[in-house]
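Asker: run-v9.cif (mmCIF, C-alpha atoms) pasted underneath:
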data_upload
loop_
_atom_site.label_atom_id
_atom_site.label_comp_id
_atom_site.auth_asym_id
_atom_site.auth_seq_id
_atom_site.Cartn_x
_atom_site.Cartn_y
_atom_site.Cartn_z
CA MET A 180 31.33 -7.25 -3.48
CA THR A 181 28.60 -8.28 -5.88
CA ASN A 182 25.75 -8.98 -3.50
CA THR A 183 23.96 -5.74 -2.75
CA ASP A 184 20.80 -7.35 -1.36
CA TRP A 185 20.23 -5.65 1.96
CA PRO A 186 18.86 -7.82 4.76
CA LEU A 187 15.34 -7.46 6.12
CA TRP A 188 14.78 -5.80 9.50
CA GLU A 189 11.71 -5.72 11.71
CA VAL A 190 10.85 -2.33 13.17
CA PHE A 191 9.31 -1.79 16.61
CA VAL A 192 8.16 1.68 17.64
CA ARG A 193 7.34 3.05 21.09
CA SER A 194 4.65 5.60 20.36
CA ARG A 195 5.05 7.43 23.67
CA ARG A 196 6.72 7.00 27.02
CA GLY A 197 4.91 4.53 29.22
CA LEU A 198 3.92 2.22 26.35
CA SER A 199 5.86 -0.77 25.07
CA HIS A 200 7.43 -1.02 21.62
CA THR A 201 4.99 -2.37 19.03
CA HIS A 202 5.73 -3.97 15.68
CA ALA A 203 5.34 -1.32 12.97
CA GLY A 204 6.57 -3.15 9.87
CA SER A 205 9.76 -4.11 8.13
CA LEU A 206 12.37 -2.62 5.84
CA HIS A 207 15.64 -3.37 4.09
CA ALA A 208 18.93 -1.80 5.20
CA PRO A 209 22.62 -2.73 4.94
CA ASP A 210 23.32 -2.37 8.66
CA ALA A 211 21.69 -1.58 11.99
CA GLU A 212 22.52 2.11 11.94
CA LEU A 213 20.94 2.68 8.53
CA ALA A 214 18.03 0.45 9.50
CA LEU A 215 17.33 2.85 12.38
CA ARG A 216 17.57 5.90 10.14
CA ASN A 217 15.38 4.34 7.46
CA ALA A 218 12.88 3.29 10.13
CA ARG A 219 12.70 6.86 11.38
CA ASP A 220 11.99 8.13 7.85
CA LEU A 221 9.55 5.37 7.03
CA TYR A 222 7.56 4.83 10.22
CA THR A 223 7.77 8.09 12.21
CA ARG A 224 7.27 10.90 9.67
CA ARG A 225 4.40 12.29 11.74
CA GLY A 226 5.74 11.96 15.26
CA GLU A 227 4.47 8.39 15.69
CA GLY A 228 7.38 7.40 17.91
CA VAL A 229 9.82 8.39 20.66
CA SER A 230 11.95 5.24 20.42
CA ILE A 231 12.67 2.65 17.73
CA TRP A 232 14.08 -0.89 17.86
CA VAL A 233 15.30 -2.66 14.73
CA ILE A 234 15.96 -6.39 14.72
CA PRO A 235 17.23 -8.57 11.85
CA SER A 236 14.19 -10.59 10.73
CA SER A 237 16.36 -13.69 10.64
CA ALA A 238 17.03 -13.34 14.39
CA ILE A 239 13.39 -13.84 15.36
CA THR A 240 12.03 -17.26 16.27
CA ALA A 241 8.29 -17.79 15.96
CA SER A 242 5.82 -20.46 16.92
CA SER A 243 4.39 -22.16 13.86
CA PRO A 244 0.76 -21.58 12.92
CA ASP A 245 0.40 -25.32 12.35
CA GLU A 246 1.23 -25.94 16.00
CA LYS A 247 -1.37 -23.42 17.04
CA ASP A 248 -3.77 -25.78 18.76
CA PRO A 249 -1.42 -28.11 20.65
CA PHE A 250 1.02 -25.30 21.40
CA PHE A 251 -1.54 -23.11 23.14
CA GLU A 252 -3.81 -25.91 24.34
CA PRO A 253 -2.50 -26.02 27.93
CA ALA A 254 -4.08 -22.60 28.48
CA ALA A 255 -7.50 -23.65 27.23
CA ASP A 256 -8.56 -26.08 29.96
CA LYS A 257 -7.66 -23.99 32.98
CA PRO A 258 -10.62 -21.65 33.47
CA TYR A 259 -9.68 -21.43 37.16
CA ARG A 260 -6.93 -19.03 36.09
CA HIS A 261 -9.61 -16.42 35.39
CA PRO A 262 -11.25 -14.43 38.19
CA THR A 263 -14.72 -15.05 36.73
CA PHE A 264 -14.31 -18.79 37.54
CA TYR A 265 -15.11 -18.17 41.21
CA GLU A 266 -18.58 -17.67 42.66
CA ILE A 267 -18.75 -15.02 45.32
CA PRO A 268 -21.95 -14.22 47.28
CA GLU A 269 -23.72 -11.03 46.26
CA GLY A 270 -22.89 -8.00 48.29
CA VAL A 271 -19.28 -8.93 49.02
CA LYS A 272 -17.23 -5.91 48.06
CA HIS A 273 -13.69 -5.22 46.89
CA LEU A 274 -13.22 -8.74 45.47
CA MET B 131 16.75 0.52 -1.66
CA ALA B 132 17.55 -3.04 -2.39
CA THR B 133 16.50 -6.43 -1.96
CA ALA B 134 16.82 -9.16 0.54
CA ALA B 135 15.39 -12.53 -0.17
CA ALA B 136 13.27 -12.89 2.92
CA HIS B 137 11.71 -15.95 1.41
CA HIS B 138 15.00 -17.71 0.91
CA THR B 139 16.14 -16.98 4.42
CA ALA B 140 12.88 -18.36 5.72
CA GLN B 141 13.16 -21.50 3.65
CA GLN B 142 16.71 -22.19 4.75
CA THR B 143 15.95 -21.75 8.40
CA GLY B 144 12.82 -23.85 8.18
CA PRO B 145 9.66 -23.78 10.24
CA GLN B 146 11.35 -22.21 13.24
CA ALA B 147 12.04 -19.02 11.31
CA TYR B 148 10.13 -15.91 12.15
CA GLY B 149 6.72 -16.08 10.57
CA ALA B 150 5.22 -12.65 10.87
CA GLN B 151 7.10 -11.27 7.90
CA SER B 152 8.42 -14.24 5.98
CA GLY B 153 6.17 -16.13 3.64
CA VAL B 154 6.71 -19.84 3.78
CA PRO B 155 4.37 -21.84 1.59
CA ASP B 156 3.53 -25.08 3.28
CA THR B 157 4.51 -27.56 0.63
CA ALA B 158 4.95 -30.71 2.67
CA CYS B 159 1.40 -31.97 2.77
CA GLY B 160 -0.59 -34.68 1.05
CA THR B 161 -3.92 -34.45 -0.76
CA ASP B 162 -5.98 -35.11 2.37
CA ASP B 163 -4.03 -32.48 4.25
CA THR B 164 -4.54 -30.00 1.41
CA ALA B 165 -8.28 -30.52 1.51
CA ALA B 166 -8.27 -29.98 5.27
CA TYR B 167 -6.13 -26.86 4.92
CA GLN B 168 -8.46 -25.57 2.21
CA ARG B 169 -11.47 -26.07 4.50
CA ALA B 170 -9.71 -24.26 7.35
CA PHE B 171 -8.79 -21.41 5.00
CA ASP B 172 -12.34 -21.13 3.63
CA ALA B 173 -13.76 -21.14 7.15
CA ALA B 174 -11.33 -18.44 8.31
CA VAL B 175 -12.20 -16.20 5.35
CA ALA B 176 -15.93 -16.83 5.83
CA ALA B 177 -15.63 -15.89 9.51
CA ASP B 178 -13.87 -12.64 8.52
CA GLU B 179 -10.66 -13.72 10.18
CA ARG B 180 -7.37 -12.49 8.75
CA VAL B 181 -4.98 -14.71 6.85
CA GLU B 182 -1.39 -14.26 8.07
CA PRO B 183 1.85 -14.96 6.17
CA ARG B 184 2.64 -18.44 7.43
CA ASP B 185 -0.90 -19.75 7.26
CA TRP B 186 -1.67 -22.20 4.49
CA MET B 187 -3.37 -20.43 1.59
CA PRO B 188 -4.39 -21.53 -1.93
CA ASP B 189 -1.70 -20.88 -4.54
CA ALA B 190 -4.09 -18.76 -6.58
CA TYR B 191 -4.88 -16.60 -3.54
CA ARG B 192 -1.17 -16.02 -3.00
CA ALA B 193 -0.58 -15.25 -6.70
CA THR B 194 -3.52 -12.83 -6.82
CA LEU B 195 -2.23 -10.97 -3.78
CA VAL B 196 1.31 -10.75 -5.14
CA ARG B 197 -0.02 -9.37 -8.43
CA GLN B 198 -2.28 -6.83 -6.75
CA ILE B 199 0.08 -5.68 -3.98
CA ALA B 200 3.02 -5.44 -6.41
CA GLN B 201 0.97 -3.37 -8.84
CA HIS B 202 -0.11 -1.18 -5.95
CA ALA B 203 3.48 -0.72 -4.72
CA HIS B 204 4.74 0.04 -8.24
CA SER B 205 1.97 2.63 -8.64
CA GLU B 206 3.12 4.47 -5.54
CA ILE B 207 6.70 4.56 -6.79
CA ILE B 208 5.89 5.54 -10.39
CA GLY B 209 3.33 7.99 -9.00
CA MET B 210 6.15 10.05 -7.52
CA GLN B 211 7.22 11.13 -11.01
CA PRO B 212 4.34 13.27 -12.29
CA GLU B 213 4.23 15.27 -9.07
CA ALA B 214 7.98 15.50 -8.49
CA ASN B 215 7.98 17.15 -11.91
CA TRP B 216 6.63 20.30 -10.21
CA ILE B 217 8.71 20.46 -7.02
CA THR B 218 11.26 22.88 -8.44
CA ARG B 219 8.52 25.09 -9.87
CA ALA B 220 6.10 25.19 -6.93
CA PRO B 221 4.78 28.76 -6.65
CA SER B 222 5.70 29.27 -2.98
CA LEU B 223 7.88 27.74 -0.29
CA ARG B 224 4.74 26.53 1.49
CA ARG B 225 3.53 24.67 -1.59
CA LYS B 226 6.99 23.30 -2.24
CA ALA B 227 7.38 21.92 1.29
CA ILE B 228 3.92 20.32 1.06
CA LEU B 229 4.66 18.74 -2.30
CA MET B 230 7.99 17.33 -1.12
CA ALA B 231 6.29 15.81 1.94
CA LYS B 232 3.63 14.29 -0.30
CA VAL B 233 6.09 12.77 -2.74
CA GLN B 234 8.07 11.38 0.21
CA ASP B 235 4.85 9.81 1.51
CA GLU B 236 4.34 8.08 -1.84
CA ALA B 237 7.79 6.53 -1.51
CA GLY B 238 6.84 5.39 2.00
CA HIS B 239 3.59 3.86 0.72
CA GLY B 240 5.55 1.96 -1.89
CA LEU B 241 7.85 0.58 0.80
CA TYR B 242 5.00 -0.51 3.10
CA LEU B 243 3.46 -2.34 0.16
CA TYR B 244 6.68 -3.99 -1.05
CA SER B 245 7.13 -5.29 2.51
CA ALA B 246 3.60 -6.68 2.46
CA ALA B 247 4.27 -8.39 -0.89
CA GLU B 248 7.49 -9.89 0.47
CA THR B 249 5.58 -11.68 3.22
CA LEU B 250 4.07 -13.80 0.42
CA GLY B 251 7.46 -15.19 -0.56
CA THR B 252 8.58 -12.74 -3.23
CA SER B 253 11.75 -10.67 -2.94
CA ARG B 254 12.20 -6.95 -3.35
CA GLU B 255 14.70 -7.52 -6.13
CA ASP B 256 12.29 -9.74 -8.04
CA LEU B 257 9.46 -7.22 -7.72
CA LEU B 258 11.61 -4.36 -9.00
CA ASP B 259 12.94 -6.51 -11.80
CA LYS B 260 9.41 -7.37 -12.91
CA LEU B 261 8.49 -3.68 -12.90
CA HIS B 262 11.57 -2.71 -14.88
CA THR B 263 10.98 -5.42 -17.49
CA GLY B 264 7.26 -4.66 -17.81
CA ARG B 265 6.11 -8.00 -16.40
CA GLN B 266 4.19 -6.27 -13.60
CA LYS B 267 2.03 -3.21 -14.11
CA TYR B 268 1.38 0.05 -12.31
CA SER B 269 -1.77 2.16 -12.40
CA SER B 270 -2.40 3.65 -15.85
CA ILE B 271 -3.28 7.01 -14.32
CA PHE B 272 0.42 7.81 -14.00
CA ASN B 273 0.90 7.59 -17.74
CA TYR B 274 -0.78 10.98 -18.13
CA PRO B 275 1.38 14.13 -18.04
CA THR B 276 1.25 16.94 -15.46
CA LEU B 277 1.10 19.90 -17.83
CA THR B 278 0.47 22.75 -15.40
CA TRP B 279 0.76 23.50 -11.68
CA ALA B 280 -3.00 22.97 -11.37
CA ASP B 281 -2.45 19.31 -12.26
CA VAL B 282 -0.79 18.86 -8.86
CA GLY B 283 -4.09 19.97 -7.30
CA ALA B 284 -6.19 17.81 -9.61
CA ILE B 285 -4.06 14.76 -8.78
CA GLY B 286 -4.46 15.34 -5.05
CA TRP B 287 -8.20 15.88 -5.25
CA LEU B 288 -9.23 13.38 -7.95
CA VAL B 289 -6.47 10.78 -8.26
CA ASP B 290 -5.80 10.51 -4.53
CA GLY B 291 -9.54 10.80 -3.91
CA ALA B 292 -10.20 7.83 -6.19
CA ALA B 293 -7.33 5.96 -4.55
CA ILE B 294 -8.81 6.55 -1.09
CA THR B 295 -12.22 5.32 -2.26
CA ASN B 296 -10.50 2.15 -3.46
CA GLN B 297 -8.23 1.77 -0.45
CA VAL B 298 -10.49 2.33 2.52
CA PRO B 299 -12.24 -1.05 1.96
CA LEU B 300 -8.79 -2.66 1.53
CA CYS B 301 -8.13 -1.91 5.22
CA ARG B 302 -10.49 -4.87 5.81
CA CYS B 303 -8.84 -7.10 3.20
CA SER B 304 -8.57 -10.76 4.26
CA TYR B 305 -4.75 -10.73 4.06
CA GLY B 306 -3.39 -9.24 7.29
CA PRO B 307 -0.15 -7.57 6.12
CA TYR B 308 -1.90 -5.89 3.17
CA ALA B 309 -4.75 -4.66 5.38
CA ARG B 310 -2.29 -3.25 7.92
CA ALA B 311 -0.28 -1.46 5.23
CA MET B 312 -3.51 0.06 3.91
CA VAL B 313 -4.49 1.41 7.32
CA ARG B 314 -1.23 3.33 7.42
CA VAL B 315 -1.57 4.49 3.80
CA CYS B 316 -5.16 5.69 4.25
CA LYS B 317 -4.25 7.81 7.27
CA GLU B 318 -1.64 9.59 5.18
CA GLU B 319 -3.69 9.89 1.98
CA SER B 320 -6.16 12.18 3.67
CA PHE B 321 -3.53 14.94 3.76
CA HIS B 322 -2.81 14.34 0.08
CA GLN B 323 -6.39 14.83 -0.95
CA ARG B 324 -6.95 17.90 1.18
CA GLN B 325 -3.81 19.69 0.01
CA GLY B 326 -4.90 19.10 -3.61
CA TYR B 327 -8.36 20.44 -2.92
CA GLU B 328 -6.98 23.51 -1.18
CA LEU B 329 -4.57 24.12 -4.06
CA LEU B 330 -7.39 23.97 -6.63
CA LEU B 331 -9.58 26.20 -4.49
CA ALA B 332 -6.85 28.85 -4.35
CA LEU B 333 -6.55 28.76 -8.14
CA SER B 334 -10.29 28.67 -8.72
CA ARG B 335 -10.74 31.81 -6.59
CA GLY B 336 -7.70 33.52 -8.17
CA THR B 337 -7.37 35.44 -11.43
CA PRO B 338 -9.43 34.38 -14.46
CA GLU B 339 -6.27 32.78 -15.87
CA GLN B 340 -5.72 30.78 -12.68
CA HIS B 341 -9.37 29.72 -12.63
CA ALA B 342 -9.11 28.57 -16.25
CA MET B 343 -5.96 26.60 -15.42
CA ALA B 344 -7.75 24.81 -12.58
CA GLN B 345 -10.72 24.02 -14.82
CA ASP B 346 -8.44 22.71 -17.56
CA ALA B 347 -6.70 20.38 -15.11
CA VAL B 348 -10.01 18.99 -13.83
CA ASP B 349 -11.21 18.55 -17.43
CA ARG B 350 -8.16 16.43 -18.22
CA TRP B 351 -8.01 14.36 -14.99
CA TRP B 352 -11.71 13.59 -14.46
CA TRP B 353 -12.15 10.73 -16.91
CA PRO B 354 -8.81 9.02 -16.23
CA SER B 355 -9.70 9.16 -12.51
CA LEU B 356 -12.96 7.30 -13.17
CA MET B 357 -10.97 4.68 -15.09
CA MET B 358 -8.83 4.07 -11.99
CA PHE B 359 -11.60 1.85 -10.60
CA GLY B 360 -10.94 -0.62 -13.40
CA PRO B 361 -13.16 -2.08 -16.11
CA PRO B 362 -16.92 -2.45 -15.63
CA ASP B 363 -17.91 -5.37 -13.40
CA ASP B 364 -18.96 -7.63 -16.27
CA GLU B 365 -15.55 -7.23 -17.95
CA SER B 366 -13.33 -7.40 -14.88
CA ALA B 367 -11.25 -10.56 -15.05
CA HIS B 368 -10.40 -11.01 -11.37
CA SER B 369 -13.26 -9.32 -9.55
CA ALA B 370 -15.55 -12.23 -8.67
CA GLN B 371 -12.79 -14.40 -7.22
CA SER B 372 -11.20 -11.50 -5.33
CA MET B 373 -14.55 -10.68 -3.75
CA ALA B 374 -15.08 -14.32 -2.76
CA TRP B 375 -11.67 -14.24 -1.06
CA LYS B 376 -12.54 -10.91 0.59
CA ILE B 377 -9.48 -9.28 -0.91
CA LYS B 378 -11.95 -6.94 -2.58
CA ARG B 379 -15.04 -5.82 -0.69
CA HIS B 380 -16.90 -3.79 -3.33
CA SER B 381 -17.17 -4.04 -7.10
CA ASN B 382 -15.44 -1.62 -9.49
CA ASP B 383 -18.72 -0.02 -10.57
CA GLU B 384 -19.93 0.34 -7.00
CA LEU B 385 -16.76 2.19 -5.95
CA ARG B 386 -16.83 4.33 -9.11
CA GLN B 387 -20.41 5.38 -8.35
CA ARG B 388 -19.45 6.21 -4.76
CA PHE B 389 -16.60 8.39 -6.02
CA VAL B 390 -18.80 10.27 -8.52
CA ASP B 391 -21.39 10.98 -5.82
CA ILE B 392 -18.68 12.32 -3.50
CA CYS B 393 -17.07 14.52 -6.16
CA VAL B 394 -20.12 16.34 -7.52
CA PRO B 395 -20.75 18.55 -4.44
CA GLN B 396 -16.99 18.99 -3.91
CA ALA B 397 -16.69 20.36 -7.47
CA GLU B 398 -19.53 22.78 -6.79
CA SER B 399 -17.75 24.09 -3.69
CA LEU B 400 -14.63 24.53 -5.79
CA GLY B 401 -16.56 26.57 -8.35
CA LEU B 402 -15.42 24.16 -11.07
CA THR B 403 -17.41 21.91 -13.39
CA LEU B 404 -16.91 18.25 -14.17
CA PRO B 405 -16.52 17.61 -17.92
CA ASP B 406 -19.54 15.36 -18.40
CA PRO B 407 -22.77 16.71 -19.97
CA ASP B 408 -24.62 13.55 -18.90
CA LEU B 409 -23.79 14.00 -15.22
CA LYS B 410 -27.04 14.50 -13.30
CA TRP B 411 -28.77 13.44 -10.11
CA ASN B 412 -31.06 10.44 -10.48
CA GLU B 413 -33.72 10.70 -7.80
CA GLU B 414 -34.92 7.15 -8.36
CA ARG B 415 -31.49 5.55 -7.92
CA GLY B 416 -30.34 7.98 -5.27
CA HIS B 417 -27.11 8.38 -7.25
CA HIS B 418 -25.68 10.55 -10.00
CA ASP B 419 -25.93 9.21 -13.53
CA PHE B 420 -22.81 9.81 -15.58
CA GLY B 421 -21.68 9.49 -19.18
CA ALA B 422 -20.05 6.54 -20.89
CA ILE B 423 -16.35 6.01 -20.20
CA ASP B 424 -14.02 5.67 -23.20
CA TRP B 425 -12.67 2.20 -22.44
CA THR B 426 -10.72 2.15 -25.71
CA GLU B 427 -8.50 4.83 -24.22
CA PHE B 428 -8.14 2.82 -21.00
CA TRP B 429 -7.02 -0.33 -22.81
CA GLU B 430 -4.65 1.64 -25.08
CA VAL B 431 -2.92 3.26 -22.09
CA LEU B 432 -2.79 -0.11 -20.35
CA LYS B 433 -1.13 -1.66 -23.40
CA GLY B 434 1.60 0.96 -23.23
CA ASN B 435 0.29 3.55 -25.66
CA GLY B 436 -0.47 6.31 -23.16
CA PRO B 437 1.18 9.73 -23.38
CA CYS B 438 3.93 8.97 -20.82
CA ASN B 439 4.36 5.17 -20.53
CA GLU B 440 7.78 5.25 -22.15
CA GLN B 441 8.97 8.26 -20.17
CA ARG B 442 7.88 6.80 -16.80
CA MET B 443 9.62 3.48 -17.37
CA THR B 444 12.79 5.07 -18.72
CA GLN B 445 12.99 7.37 -15.71
CA ARG B 446 12.37 4.49 -13.28
CA ARG B 447 15.06 2.31 -14.81
CA ARG B 448 17.49 5.21 -14.90
CA ALA B 449 16.87 6.07 -11.23
CA HIS B 450 17.49 2.43 -10.33
CA ASP B 451 20.68 2.20 -12.38
CA GLU B 452 22.02 5.53 -11.17
CA GLY B 453 21.36 4.54 -7.56
CA ALA B 454 23.37 1.33 -7.91
CA TRP B 455 26.56 2.89 -6.52
CA VAL B 456 24.71 3.95 -3.36
CA ARG B 457 23.43 0.44 -2.74
CA GLU B 458 26.85 -1.03 -3.46
CA SER B 459 28.68 1.44 -1.21
CA ALA B 460 26.34 0.88 1.71
CA ALA B 461 26.60 -2.89 1.35
CA ALA B 462 30.42 -2.69 1.09
CA TYR B 463 30.60 -0.48 4.19
CA ALA B 464 28.38 -2.87 6.15
CA ALA B 465 30.54 -5.82 5.06
CA LYS B 466 33.72 -4.00 6.07
CA ARG B 467 32.30 -3.16 9.50
CA ASN B 468 31.25 -6.79 9.94
CA ASP B 469 34.76 -7.97 9.05
CA GLU B 470 36.32 -5.51 11.51
CA ALA B 471 33.95 -6.60 14.24
CA GLY B 472 34.82 -10.25 13.49
CA ALA B 473 38.58 -9.50 13.57
CA GLY B 474 38.17 -7.60 16.81
CA ARG B 475 36.57 -10.60 18.46
CA GLY B 476 39.15 -13.06 17.07
#
Take the structure in this file and express it as structure tokens.

Answerer:
Amino acid sequence: MTNTDWPLWEVFVRSRRGLSHTHAGSLHAPDAELALRNARDLYTRRGEGVSIWVIPSSAITASSPDEKDPFFEPAADKPYRHPTFYEIPEGVKHL
Amino acid sequence: MATAAAHHTAQQTGPQAYGAQSGVPDTACGTDDTAAYQRAFDAAVAADERVEPRDWMPDAYRATLVRQIAQHAHSEIIGMQPEANWITRAPSLRRKAILMAKVQDEAGHGLYLYSAAETLGTSREDLLDKLHTGRQKYSSIFNYPTLTWADVGAIGWLVDGAAITNQVPLCRCSYGPYARAMVRVCKEESFHQRQGYELLLALSRGTPEQHAMAQDAVDRWWWPSLMMFGPPDDESAHSAQSMAWKIKRHSNDELRQRFVDICVPQAESLGLTLPDPDLKWNEERGHHDFGAIDWTEFWEVLKGNGPCNEQRMTQRRRAHDEGAWVRESAAAYAAKRNDEAGAGRG
């Protein structure tokens, strides 16, 4: 085997129980097991995590920045989805 | 450690590919589009927004970032050598454990930075190749030798101190992945600087011989540390443009002055002197004046004529070559496991 280029992995770390995994960075590794071990050494040397996910970068699908406006536009013209849209008389409590 | 061509993967899979880590230059646009993209980029930078990997960016902005981040990454990796030189001779188990942790951190910093550079469309393999063939640089400070144990302290206090002064503003750099890598690096550098200071303090308060060793190390590392901020502002080739792009937030001379002002009282607390007869407080400026830097030395070391340039590069290339079998074995094992998994399914 001549190709020794290791694929790129994205690393997600759960910093403590009760929080979701957050993107920490990326690294190269030949397989998932070594990606996990490398991620531990690279991103949790000071107890930054209790759980790690690694995902091949090529397996992630992203929205394109060029589509930003049209892609997210449907959310922009619906202020009635926010609680502050509604006028409530003063003095009404627990609303 | 090896190399995957994130850029190539991204190009093959097209615009649907993951964008957060793969740099895909947007090449399919006409002149009008380019002008519009340029305006959007300028507006984003002016508004202090961050530029992310798949955003359109000027070619020169991309090239500047690759050059700077690669040099930064290479510096972390080459920087492991002068300190690793003392691991086997650390004077106590405590100091040895600290030094190993520090050198491991430097490797980590290099990896964060290589990842950031790869988001711009370079590959790890290409970056390492450019380092090994001298087409990309690393910080000249690492071309000086670590002659005594006190040098480990002087590097932590002065070299890492200068690096922190440079790097803290980079946490607000306009390029998102670089800024995020720097946040992580800066958190860890603080330990590096403090362990160096503590090490020098122990020596300074020790026997007269130990005190003299600490003073000698500071005498040798002071001026090279000041050179780490780069040439004076009026001779710095890239400064003005980098500041306009908000890659750089402060000028070389401004950061150098900040570092000198920070170090003077720290040296007093150490009971050590800084080797500059012209160093004195200037009431009018509210800063310390300091002597002229020998820029001839700086340019000589940069050109490859420093005390350890040859040694550092030889060692780096040897480590890479001697690690080839590890990279090959791991890749072969992964391929074999993949084949077995494929056969199992079929």

Asker: Running the PyMOL selection byres ((chain A) within 12 of (chain B)) on this model by hand, what would come out? Give it as a PyMOL selection string.

Answerer: chain A and resi 180-190+202-214+217-225+227+234-247

Asker: Taking the file as shown, what set of residues would the PyMOL selection byres ((chain A and resi 228) around 6) give back, as JSON, numbers by chain?

Answerer: {"A": [192, 193, 194, 223, 226, 227, 229, 230]}

Asker: If the PyMOL selection byres ((chain B and resi 217-219) around 12) were run on this exact file, what residues would it hold? Put them as a list in words.

Answerer: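 Going through the file, the PyMOL selection byres ((chain B and resi 217-219) around 12) ends up selecting Met210, Gln211, Pro212, Glu213, Ala214, Asn215, Trp216, Ala220, Pro221, Ser222, Leu223, Arg224, Arg225, Lys226, Ala227, Ile228, Leu229, Met230, Ala231, Lys232, Val233, Gln234, Thr276, Thr278, Trp279, Ala280 and Val282 of chain B.
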
Asker: Rounded to one decimal, what separation in Å do you get between atom CA of Ser355 of chain B and atom CA of Val390 of chain B?

Answerer: 10.0 Å

Asker: Restricting the calculation to only C-alpha atoms: of A:Val233, A:Leu215, A:Ala254, A:Ile267, which residue gets closest to Phe191 of chain A?

Answerer: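 The answer is A:Val233, which sits nearest to Phe191 of chain A.
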
Asker: I want to know what sits within 9 Å of Arg446 of chain B, based on all atoms listed in the file, with residues of the same chain fewer than 3 positions away left out; could you give that as an NGL selection string?

Answerer: :B and (207-208 or 211 or 262 or 441-443 or 449-451)

Asker: Starting from the point (-8.4, 11.3, -4.0), work out which residues of protein, DNA or RNA have an atom no more than 12 Å away when counting only C-alpha atoms; state them as a ChimeraX atom specification.

Answerer: /B:282-298,316,318-327,351-352,355-356,358-359,389-390,392-393,396

Asker: Using atom CA of Leu402 of chain B and atom CA of Gln345 of chain B as the two end points, give the distance in Å to one decimal.

Answerer: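 Computing it gives 6.0 Å between the two atoms.
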
Asker: Distance atom CA of Ala200 of chain B-atom CA of Met312 of chain B, one decimal place?

Answerer: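 Spanning atom CA of Ala200 of chain B to atom CA of Met312 of chain B is a straight-line distance of 13.4 Å.
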
Asker: Which of these, B:Pro354, B:Pro407, B:Gly436, B:Pro275, has the shortest distance to Asp424 of chain B once you count all atoms listed in the file?

Answerer: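 Smallest separation from Asp424 of chain B among the options: B:Pro354.
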